[in-house]
Every structure is written in structure tokens, then in C-alpha cells.
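K.L.:
Sharing structure.cif (mmCIF, C-alpha atoms) below.
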```cif
data_data
loop_
_atom_site.label_atom_id
_atom_site.label_comp_id
_atom_site.auth_asym_id
_atom_site.auth_seq_id
_atom_site.Cartn_x
_atom_site.Cartn_y
_atom_site.Cartn_z
CA MET A 12 75.60 37.92 -25.79
CA ASN A 13 77.43 37.13 -22.52
CA ILE A 14 74.97 36.49 -19.66
CA ASN A 15 77.67 37.43 -17.16
CA ASN A 16 77.44 41.01 -18.47
CA PHE A 17 73.81 41.35 -17.34
CA LEU A 18 72.57 41.82 -13.78
CA ILE A 19 69.00 42.12 -12.51
CA LEU A 20 68.89 45.08 -10.16
CA ASN A 21 65.16 45.11 -9.43
CA VAL A 22 62.12 43.08 -10.46
CA GLY A 23 58.54 43.16 -9.22
CA HIS A 24 54.87 43.90 -9.83
CA ALA A 25 53.85 47.52 -9.22
CA PHE A 26 50.32 48.74 -8.44
CA HIS A 27 49.51 52.41 -8.95
CA ASP A 28 46.50 54.70 -8.86
CA SER A 29 47.38 58.20 -10.11
CA ASP A 30 50.69 58.05 -8.24
CA TRP A 31 53.13 56.96 -10.98
CA ASN A 32 54.31 60.46 -11.84
CA PHE A 33 58.06 61.03 -12.09
CA GLU A 34 59.90 63.49 -14.32
CA ASN A 35 63.31 63.67 -15.98
CA ILE A 36 64.49 60.17 -15.09
CA ASN A 37 67.88 59.20 -16.53
CA SER A 38 69.38 55.93 -15.26
CA PRO A 39 72.46 53.82 -16.04
CA PHE A 40 70.29 50.72 -16.33
CA THR A 41 67.59 49.50 -18.73
CA ARG A 42 63.92 49.23 -17.76
CA ILE A 43 61.48 46.72 -19.24
CA TYR A 44 57.75 46.76 -18.39
CA TYR A 45 54.83 44.41 -19.00
CA VAL A 46 51.50 46.19 -18.39
CA THR A 47 48.80 44.14 -16.66
CA GLU A 48 46.06 46.71 -16.04
CA GLY A 49 45.15 50.33 -16.72
CA GLU A 50 47.12 52.86 -18.70
CA GLY A 51 50.26 54.91 -18.19
CA ILE A 52 52.33 57.25 -20.31
CA VAL A 53 56.08 57.31 -20.78
CA SER A 54 57.46 60.44 -22.47
CA ILE A 55 60.76 60.14 -24.35
CA GLY A 56 62.27 62.91 -26.46
CA GLY A 57 59.03 64.89 -26.51
CA LYS A 58 56.96 61.90 -27.69
CA ASP A 59 54.34 60.25 -25.47
CA TYR A 60 53.86 56.49 -25.56
CA ARG A 61 50.58 55.20 -24.12
CA MET A 62 51.24 52.03 -22.17
CA SER A 63 48.38 49.52 -22.35
CA PRO A 64 47.74 45.99 -21.02
CA GLY A 65 49.40 43.05 -22.75
CA LYS A 66 52.19 45.17 -24.20
CA MET A 67 55.83 45.52 -23.22
CA TYR A 68 57.98 48.64 -23.10
CA MET A 69 61.73 49.19 -23.00
CA ILE A 70 63.67 52.25 -21.84
CA PRO A 71 67.42 51.76 -22.48
CA ALA A 72 70.10 52.97 -20.08
CA PHE A 73 70.76 56.74 -20.09
CA THR A 74 67.48 57.52 -21.88
CA GLU A 75 65.89 60.55 -20.24
CA HIS A 76 62.14 60.07 -19.78
CA SER A 77 59.12 60.96 -17.63
CA ASP A 78 56.31 58.72 -16.33
CA PHE A 79 52.64 59.56 -15.79
CA CYS A 80 49.33 57.94 -14.92
CA ASP A 81 45.99 59.46 -13.90
CA GLY A 82 44.28 56.28 -12.72
CA VAL A 83 44.94 52.60 -12.17
CA PHE A 84 48.20 51.46 -13.74
CA ASN A 85 49.67 48.07 -12.82
CA HIS A 86 52.74 46.56 -14.41
CA PHE A 87 55.63 44.18 -14.00
CA TYR A 88 59.04 45.85 -14.12
CA ILE A 89 62.63 44.73 -14.38
CA HIS A 90 65.78 46.85 -14.17
CA ILE A 91 68.75 45.37 -16.05
CA TYR A 92 72.34 46.54 -15.68
CA GLU A 93 74.79 45.68 -18.45
CA ASP A 94 78.40 45.50 -17.32
CA ALA A 95 80.28 45.85 -20.60
CA THR A 96 83.66 46.98 -19.29
CA THR A 97 85.32 45.34 -22.27
CA GLY A 98 83.75 44.26 -25.52
CA GLU A 99 80.65 45.62 -27.21
CA SER A 100 77.65 46.83 -25.21
CA ILE A 101 74.43 45.32 -26.61
CA ILE A 102 72.24 48.05 -25.11
CA GLU A 103 74.52 50.93 -26.06
CA SER A 104 75.07 49.80 -29.66
CA HIS A 105 71.41 49.43 -30.69
CA GLU A 106 68.39 51.66 -31.23
CA PHE A 107 65.47 49.79 -29.68
CA PRO A 108 61.74 50.16 -30.27
CA VAL A 109 59.93 51.50 -27.20
CA GLU A 110 56.94 49.15 -27.51
CA THR A 111 56.35 45.54 -28.51
CA GLU A 112 53.58 42.99 -28.11
CA GLY A 113 53.57 40.79 -25.03
CA SER A 114 51.67 37.58 -24.29
CA ASP A 115 50.60 35.34 -21.41
CA PHE A 116 53.98 33.64 -21.78
CA GLU A 117 55.86 36.85 -20.90
CA LYS A 118 53.44 37.46 -18.03
CA GLU A 119 54.19 33.98 -16.65
CA MET A 120 57.93 34.63 -17.02
CA PHE A 121 57.61 37.84 -15.01
CA GLU A 122 55.66 36.00 -12.33
CA MET A 123 58.42 33.39 -12.18
CA LEU A 124 61.11 36.09 -11.92
CA CYS A 125 59.24 37.76 -9.06
CA ARG A 126 59.09 34.46 -7.17
CA GLN A 127 62.77 33.70 -7.78
CA ASN A 128 63.94 37.23 -6.90
CA SER A 129 61.51 38.40 -4.21
CA THR A 130 64.27 40.36 -2.43
CA LEU A 131 64.79 42.54 -5.52
CA ALA A 132 61.35 44.21 -5.47
CA LEU A 133 61.44 47.97 -5.05
CA LYS A 134 60.46 49.20 -1.59
CA CYS A 135 59.41 52.56 -3.05
CA PRO A 136 58.59 53.38 -6.71
CA ASP A 137 60.12 56.87 -6.59
CA PRO A 138 63.39 56.79 -8.61
CA LYS A 139 64.94 59.18 -6.09
CA THR A 140 65.02 56.33 -3.55
CA TYR A 141 66.88 53.83 -5.71
CA ASP A 142 68.29 55.64 -8.76
CA ASN A 143 71.32 57.14 -7.03
CA ASP A 144 75.01 56.44 -6.69
CA ASN A 145 74.99 54.62 -3.34
CA SER A 146 71.93 52.50 -4.10
CA LEU A 147 73.20 51.49 -7.54
CA ILE A 148 76.64 50.56 -6.25
CA GLU A 149 75.06 48.47 -3.49
CA GLN A 150 72.72 46.66 -5.92
CA VAL A 151 75.43 45.99 -8.49
CA ARG A 152 77.76 44.58 -5.83
CA PHE A 153 74.98 42.45 -4.35
CA ASN A 154 74.06 40.94 -7.73
CA ARG A 155 77.67 40.25 -8.67
CA SER A 156 78.08 38.30 -5.43
CA ARG A 157 75.01 36.08 -5.96
CA PRO A 158 75.72 32.42 -6.78
CA LEU A 159 75.98 31.83 -10.51
CA HIS A 160 73.18 29.25 -10.51
CA GLU A 161 70.76 31.83 -9.05
CA ARG A 162 71.67 34.35 -11.73
CA MET A 163 71.40 31.72 -14.48
CA GLU A 164 67.90 30.71 -13.33
CA SER A 165 66.68 34.22 -14.08
CA MET A 166 68.85 35.12 -17.04
CA GLY A 167 66.90 33.01 -19.53
CA ALA A 168 63.88 35.23 -18.96
CA VAL A 169 65.99 38.39 -19.27
CA MET A 170 67.47 37.20 -22.57
CA HIS A 171 63.96 36.40 -23.83
CA PHE A 172 62.66 39.86 -22.94
CA LEU A 173 65.62 41.53 -24.65
CA SER A 174 65.16 39.34 -27.73
CA LEU A 175 61.62 40.65 -28.20
CA PHE A 176 62.99 44.16 -28.62
CA ILE A 177 66.29 43.42 -30.33
CA LYS A 178 64.62 41.62 -33.26
CA ASN A 179 63.25 45.02 -34.33
CA ALA A 180 66.27 47.04 -33.21
CA THR A 181 68.84 48.63 -35.50
CA LEU A 182 72.56 49.06 -34.98
CA LYS A 183 73.50 52.64 -34.17
CA HIS A 184 76.78 52.32 -36.03
CA MET A 185 76.47 49.82 -38.84
CA ALA A 186 79.26 49.24 -41.35
CA ASP A 187 79.21 47.37 -44.64
CA ASP A 188 82.95 47.38 -45.27
CA HIS A 189 84.64 44.45 -43.53
CA ARG A 190 87.68 46.58 -42.66
CA ILE A 191 85.54 49.10 -40.79
CA LYS A 192 83.71 46.25 -39.03
CA HIS A 193 87.10 44.94 -37.91
CA ALA A 194 88.10 48.41 -36.68
CA LEU A 195 84.84 48.75 -34.71
CA LYS A 196 85.45 45.41 -33.00
CA TYR A 197 89.02 46.44 -32.20
CA ILE A 198 87.86 49.72 -30.64
CA ASN A 199 85.14 48.03 -28.57
CA ASN A 200 87.61 45.47 -27.23
CA ARG A 201 90.24 48.04 -26.25
CA MET A 202 88.24 50.63 -24.34
CA ASN A 203 90.68 50.32 -21.42
CA HIS A 204 93.69 51.21 -23.58
CA PRO A 205 94.88 54.40 -25.24
CA LEU A 206 93.59 54.40 -28.82
CA THR A 207 94.84 56.43 -31.76
CA VAL A 208 93.45 56.80 -35.26
CA ASP A 209 96.78 55.76 -36.79
CA GLU A 210 96.82 52.56 -34.75
CA THR A 211 93.23 51.70 -35.66
CA ALA A 212 93.91 52.43 -39.34
CA ARG A 213 96.81 49.95 -39.27
CA VAL A 214 94.49 47.32 -37.75
CA ALA A 215 92.10 47.95 -40.65
CA CYS A 216 95.04 47.65 -43.11
CA MET A 217 94.41 51.11 -44.55
CA SER A 218 96.22 54.41 -44.79
CA THR A 219 95.14 56.86 -42.09
CA ASN A 220 93.55 59.37 -44.47
CA HIS A 221 91.62 56.73 -46.41
CA PHE A 222 90.53 55.08 -43.16
CA ILE A 223 89.19 58.38 -41.78
CA ARG A 224 87.21 59.09 -44.96
CA LEU A 225 85.73 55.59 -45.19
CA PHE A 226 84.99 55.38 -41.46
CA LYS A 227 83.08 58.68 -41.53
CA LYS A 228 81.17 57.58 -44.63
CA GLU A 229 80.17 54.27 -42.98
CA ILE A 230 79.61 55.38 -39.36
CA GLY A 231 78.69 59.05 -39.67
CA MET A 232 81.52 60.36 -37.51
CA THR A 233 85.31 60.31 -37.62
CA PRO A 234 87.26 57.53 -35.85
CA ALA A 235 88.48 60.02 -33.24
CA GLN A 236 84.92 61.18 -32.54
CA PHE A 237 83.71 57.60 -32.28
CA ILE A 238 86.47 56.58 -29.85
CA ILE A 239 85.68 59.54 -27.60
CA TYR A 240 81.92 58.83 -27.81
CA LYS A 241 82.42 55.21 -26.74
CA LYS A 242 84.78 56.11 -23.91
CA MET A 243 82.48 58.81 -22.57
CA MET A 244 79.58 56.31 -22.49
CA ARG A 245 81.72 53.90 -20.46
CA ALA A 246 82.78 56.77 -18.20
CA LYS A 247 79.15 57.72 -17.50
CA MET A 248 78.37 54.15 -16.52
CA ALA A 249 81.38 53.92 -14.21
CA LEU A 250 80.66 57.28 -12.55
CA ALA A 251 77.06 56.25 -11.87
CA THR A 252 77.77 52.78 -10.50
CA GLU A 253 81.25 52.85 -8.95
CA SER A 254 82.71 54.78 -6.03
CA VAL A 255 86.32 54.80 -7.28
CA PRO A 256 88.12 58.13 -7.84
CA VAL A 257 87.70 59.92 -11.16
CA SER A 258 91.43 59.51 -11.82
CA GLU A 259 91.03 55.73 -11.59
CA ILE A 260 88.14 55.78 -14.07
CA ALA A 261 90.23 57.92 -16.42
CA TYR A 262 93.12 55.45 -16.17
CA SER A 263 90.79 52.48 -16.77
CA LEU A 264 89.76 54.10 -20.07
CA GLY A 265 93.32 54.66 -21.25
CA TYR A 266 93.73 58.29 -20.11
CA ASP A 267 96.92 58.86 -18.11
CA ASP A 268 96.06 62.52 -17.54
CA ALA A 269 92.98 62.82 -15.29
CA SER A 270 92.74 66.58 -15.90
CA TYR A 271 92.54 66.03 -19.66
CA PHE A 272 89.89 63.35 -19.13
CA THR A 273 87.87 65.75 -16.97
CA ARG A 274 88.01 68.50 -19.62
CA LEU A 275 87.07 66.01 -22.35
CA PHE A 276 84.15 64.63 -20.33
CA LYS A 277 82.77 68.10 -19.59
CA ARG A 278 83.09 69.16 -23.24
CA HIS A 279 81.08 66.15 -24.46
CA ILE A 280 78.65 65.53 -21.58
CA GLY A 281 78.08 69.09 -20.40
CA LYS A 282 79.08 68.36 -16.79
CA SER A 283 82.35 67.55 -15.10
CA PRO A 284 82.75 63.93 -13.92
CA GLN A 285 82.25 65.10 -10.33
CA GLN A 286 79.07 67.01 -11.26
CA PHE A 287 77.73 64.03 -13.21
CA ARG A 288 78.35 61.67 -10.26
CA GLN A 289 76.84 64.18 -7.82
CA SER A 290 73.67 64.34 -9.92
CA PHE A 291 73.05 60.73 -8.84
CA ASN A 292 73.87 61.40 -5.19
CA ASP A 293 71.42 64.33 -5.20
CA ARG A 294 68.54 61.93 -5.94
CA GLN A 295 68.72 60.39 -2.48
#
```
So that I can check it, write out the structure of this file as C-alpha cells.
P.N.:
Amino acid sequence: MNINNFLILNVGHAFHDSDWNFENINSPFTRIYYVTEGEGIVSIGGKDYRMSPGKMYMIPAFTEHSDFCDGVFNHFYIHIYEDATTGESIIESHEFPVETEGSDFEKEMFEMLCRQNSTLALKCPDPKTYDNDNSLIEQVRFNRSRPLHERMESMGAVMHFLSLFIKNATLKHMADDHRIKHALKYINNRMNHPLTVDETARVACMSTNHFIRLFKKEIGMTPAQFIIYKKMMRAKMALATESVPVSEIAYSLGYDDASYFTRLFKRHIGKSPQQFRQSFNDRQ
């Protein structure tokens, strides 16, 4: 787990009284909460999770959810951005539990983080004010420019929080066959290159047809489907957090034809790259 891949966008202690009510939130960063008082509800995929004191909650990047409270609800929060341009994304590759037990130790760590990063507290809790293209780009750039020692001071706490959830997480795409594991690593490390099934099969030292059959048996989708899935996830992250042209994002993912990339993105995500990026701008 490379600490340089993780950035703290926001951290603070929020105090609410029937005013933590936001619907259909979908962000390119991960949220972790530690509840200190009262009760709130986070709704994910039609299931409501009651958030109670002493417990911690995690909402991974690009997980659509809604928040509610009808009384006092106080909690620490941290927003974590994972910059996995190359290599495997820890957040993207795991299914995490929503809830885990916290302790006074985690509470003290949050208090320390708030002291060390007082400038990163949210000025307004409404996601529309910070969960948009311009705000995200500004925060990512600011955090990348911070001195390494400042980032390292806080990253130990971030790694600890993530470890509490990852110990009960499961890999989304787990393989038993060592050749498929090797192919998965190859794909993850070459997201910025054109990738073909024939090429990946050669890396796995298998015939293309046998590779396709075994890959689908192990992963649940064909190699071509998996490559597109991974590239579209990277594209979503780039569109939400970078201001570069769509053609440049397409090229960075190994697509020389920006029009083809646009059609592919719309087919798999349901929106064109421009529409997806605009959905973040519209939250301002």
C-alpha cells in the first residue's frame, strides 16, 4: 500500500441537529466516519445503516448513498482520495464492510488529525459545496503540493482507519490460478497502455482461447470486459478530479481514438465523458 497514493481532502468534527440530510451523493473519494453522539442513517443500495456512537463507517469512492438524521448527530469525518494512476487501486479492488467497531484510540487519532489538518475542515457540510469538479481539483492539487513530512504525519492514522475495514474486506476479483493472478497484475500496471486479450494471454503463458475460458471462470467476466471495466473506473476518477481535455484522458488510458473512447464510456457508464464531468460541475 503506497502512502503517496492517498491524499486527505477533508477532515473535521461535524455537529448536526436534524440538518444532515443529503440525497444521491456519489463522490470520487472515500468517506470514513467515527460517530461521537446521536444517530444518523446512511442509505446504500436500498439498505439503511443506523450510525451509532463508538462505531466507524466507510463509504468507498463512487458509491451512491444518501444521509439522514432527525436529531443530534455528531461525528468525525475524513475524505480520502486514492490516486492510483498506475498499479492496483486498493479501494476499487475490494468490497468493504460499511460498519466496524471503533474505540477511544480511533477517537484520539481523529482528534490528532483535526489538530494537524485544521485547514482541511469543511466550511459547509452540503456536498454540493465541495463535491464538484473545481473544488476537487483544487483540493487534490493542494494536497499534492503539501510537504511530504506533513502528509506522512497524518498518513499513519489514515492507514490505521483503512486497516480496520480492509481486514474484513473481500477482493472483488479474486483468482486462485497463479497465471490469472499474473495477468491481473499485468493489466493493473498497464492501464495507460493499449491492452489486448492476445497480449495478456501471452503474458499468462496460455493460448488465447484457454486464457479467456479460465479468466472468466476465475474472475466472472472475460478479459476484454475486465480491461474495459478497469479503464472506465480510471476514466471516471480522472474526469471528476482533473480539468484536462477528454482526448487527453483517453490517450492516458491507451485509447488513440477519442471518439471511440467516448462511445465506449457512454455505453458502459450511461453518460458521455462530458456529461459525467458536468454532473460534478452542476453540484456547485
K.L.:
Could you check which residues have any atom within 9 Å of (81.4, 58.6, -17.1), counting only C-alpha atoms with coordinates taken straight from the file, and then list them as a ChimeraX atom specification?
P.N.:
/A:242-251,257,260-261,276,280,284,287-288
K.L.:
What residues come out when you apply the PyMOL selection byres ((chain A and resi 205) around 12) to this file, written as number ranges by chain?
P.N.:
A: 198, 200-204, 206-211, 235, 238-239, 242, 261-268, 272
K.L.:
Select from region 157-203 of chain A every residue with an atom at most 12 Å from any atom of region 110-114 of chain A, then for each give the shortest pair of atoms and their distance in Å to one decimal, using only C-alpha atoms, rows by chain and rising number, as a tab-separated table.
P.N.:
```
residue	atom	partner	partner_atom	distance
A:His171	CA	A:Gly113	CA	11.3
A:Phe172	CA	A:Gly113	CA	9.4
A:Leu173	CA	A:Thr111	CA	10.8
A:Ser174	CA	A:Thr111	CA	10.8
A:Leu175	CA	A:Thr111	CA	7.2
A:Phe176	CA	A:Thr111	CA	6.8
A:Ile177	CA	A:Thr111	CA	10.3
A:Lys178	CA	A:Thr111	CA	10.3
A:Asn179	CA	A:Thr111	CA	9.0
A:Ala180	CA	A:Thr111	CA	11.1
```
K.L.:
Dump C-alpha atoms for the selected residues as a short mmCIF file (atom, residue, chain, number, x, y, z; two decimals), in the coordinates of the input?
P.N.:
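Written file, result-v7.cif:
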```cif
data_model
loop_
_atom_site.label_atom_id
_atom_site.label_comp_id
_atom_site.auth_asym_id
_atom_site.auth_seq_id
_atom_site.Cartn_x
_atom_site.Cartn_y
_atom_site.Cartn_z
CA HIS A 171 63.96 36.40 -23.83
CA PHE A 172 62.66 39.86 -22.94
CA LEU A 173 65.62 41.53 -24.65
CA SER A 174 65.16 39.34 -27.73
CA LEU A 175 61.62 40.65 -28.20
CA PHE A 176 62.99 44.16 -28.62
CA ILE A 177 66.29 43.42 -30.33
CA LYS A 178 64.62 41.62 -33.26
CA ASN A 179 63.25 45.02 -34.33
CA ALA A 180 66.27 47.04 -33.21
#
```
K.L.:
So which one's closest to Lys66 (chain A), A:Phe79, A:Tyr44, A:Phe121, A:Tyr141? Using all atoms listed in the file, please.
P.N.:
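Ranking A:Phe79, A:Tyr44, A:Phe121, A:Tyr141 by distance to Lys66 (chain A), first place goes to A:Tyr44.
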K.L.:
Could you give me, as a PyMOL selection string, the residues within 12 Å of region 125-134 of chain A, counting all atoms listed in the file and dropping anything in the same chain fewer than 4 positions from it?
P.N.:
chain A and resi 18-26+87-91+118-121+138-142+146+150-151+153-154+157+160-166+168
K.L.:
Between A:Phe33, A:Phe84, A:Phe226, A:Tyr68, single out the one closest to Ala194 (chain A), counting all atoms listed in the file.
P.N.:
A:Phe226
K.L.:
Which one is closest to Tyr240 (chain A): A:Ser156, A:Asn85, A:Asn199, A:Asn32? Count only C-alpha atoms.
P.N.:
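Checking each candidate against Tyr240 (chain A), we get A:Asn199 as the closest.
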